[in-house]
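Contents: one structure, followed by commentary.
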Amino acid sequence: MDIIRCCGYARNVRLSNGKVELVATLDVGPRILRLGVAGGRNVFKVYPDQMGKAGEKTWRIRGGHRLWVAPEHPTEPQYADNGPVDLGRLGQGGIRLRSAPEKGSGIRKEIDIFIHPKAPRIRLVHRLRNVGLRTLRLAPWALSVMAPGGTAIAGLPPRGTHPRDLVPNQAFALWPYTDLADPRLTLGTRAILLRQKRGGAPPLKIGFSNPEGWAAYAVHECLFVKRFPFVAGAAYPDFGSSTELFTNNLMLELESLGPMVTVAPGRKVEHVEEWFLFAGVPPIRTEDDVDRHVRPLVARTS
């Protein structure tokens, strides 16, 4: 673990095992600003005009990976998370990033990060801790802002047959600005693909229940895979979405969500993601590409 300057910020913690590198800032957040193979390009998108800044009164996307609270309220903005975070050291070389309690909600956000000693694998424990006075109904929400020019991939559960399979096995959620005819989106037989396109592309978002428990993003000849639990029968936000994909002309967000839970004062909820980063992966454009290049790597993460 090193404390370095990065992305305009003076205090950042860097973790690396020689195969994968992660940088999280201590000046705002909690926020992970960089993820890449050692010496390679950042698979996360960061916003240069927002780097090195802090203390704004309103929220700034900044980029990278963050912990959020679902469901999103239609009129109340999310907490700005523009202040410094505490750094704690954990066993096995892990670290804990911890924010100050949010004014109003009383939520304290924490992210525990453990990097594997040899493999390109990182474990993140996202934690929402209720240090306020009110009981809250919420779900943890982990969002990774990915670099432009790539493709998001999520597997679909095996298809069935009629009349043997008479009940649905997956739910989808659409946002009012989503166009299912958008050529960036492929709802295929075995996978969902969403391509990030620069230059004037309108926003698009889709959510879905994801019993496969993984989502991936291919960019810079790398494949970023995140795995997360799926609890069958649990109440997830946004019409049952445990995974959400959002894109605009600047980036793509790869998002996982936990079930809705009631968190009393003094209690907490946790949401775990396992990250994997594979180098030498060609661009992913079709379902055949997914079968050939993505699924074999995903199988190695299970």
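Following the order of the structure tokens, first chain is A, next is B, and so on, with residues numbered from 1 inside each chain and ligands from 1 in the order they appear.
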Determine which residues of stretch 28-237 of chain A DSSP labels as strand (DSSP E or B) from the backbone of this structure, then write them out as number ranges by chain. A: 31-37, 44, 46, 63-70, 86-89, 95-98, 107-115, 121-130, 136-146, 151-155, 172-174, 185-187, 191-195, 204-208, 214-219, 222-227
List the neighbours of A:Gly150 out to 9 Å using only C-alpha atoms; skip same-chain residues closer than 6 positions along the sequence, and give me the result as a list in words. Leu194, Arg195, Gln196, Lys197, Tyr217, Ala218, Val219, His220, Met251, Leu252, Pro283 and Ile284 of chain A
Please, which residues of stretch 93-300 of chain A, numbered as in this document, come out alpha helix (DSSP H) from DSSP, as number ranges by chain? A: 237-240, 287-289, 295-300
Nearest to A:Val37 by atom-to-atom distance, counting only C-alpha atoms, from A:Ala80, A:Ala142, A:Leu133, A:Leu22: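 That would be A:Leu22, the residue with the smallest distance to A:Val37.
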Of the listed residues A:Glu273, A:Asp2, A:Asp238, A:Asp27, that which approaches A:Pro259 most closely, counting only C-alpha atoms: A:Asp238
Pairwise distance for atom CA of A:Ala232 and atom CA of A:Glu212, rounded to one decimal in Å: 11.0 Å
Using only C-alpha atoms, determine which residues lie at most 6 Å from stretch 167-177 of chain A, disregarding the query and same-chain residues fewer than 2 positions distant; provide the list as a PyMOL selection string. chain A and resi 165+206-209+239
Residue selection dump (C-alpha atoms) as a PDB file, in the first residue's frame:
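See again_1.pdb below for the written result:
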```pdb
ATOM      1  CA  ASP A 165     -42.020 -23.417 -18.829  1.00  0.00           C
ATOM      2  CA  ILE A 206     -31.955  -0.792 -18.505  1.00  0.00           C
ATOM      3  CA  GLY A 207     -32.321  -2.796 -15.306  1.00  0.00           C
ATOM      4  CA  PHE A 208     -32.969  -6.496 -14.786  1.00  0.00           C
ATOM      5  CA  SER A 209     -32.923  -9.305 -12.295  1.00  0.00           C
ATOM      6  CA  PHE A 239     -38.965  -3.340 -10.403  1.00  0.00           C
TER       7      PHE A 239
END
```
Considering only C-alpha atoms, can you say which of A:Gly52, A:Arg295, A:Lys118, A:Phe278 comes closest to A:Arg190?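 When distances to A:Arg190 are compared using only C-alpha atoms, the smallest one comes from A:Arg295.
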Between A:Gln78, A:Thr262, A:Asn12, A:Thr247, which one has atoms that come closest to A:Thr135, using only C-alpha atoms? A:Thr262
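Within 9 Å of A:Val85, once only C-alpha atoms are used and residues closer than 6 positions along the same chain are dropped, the contacting residues are A:Thr25, A:Leu26, A:Asp27, A:Val28, A:Gly29, A:Pro30, A:Leu97, A:Arg98, A:Ser99, A:Ala100.
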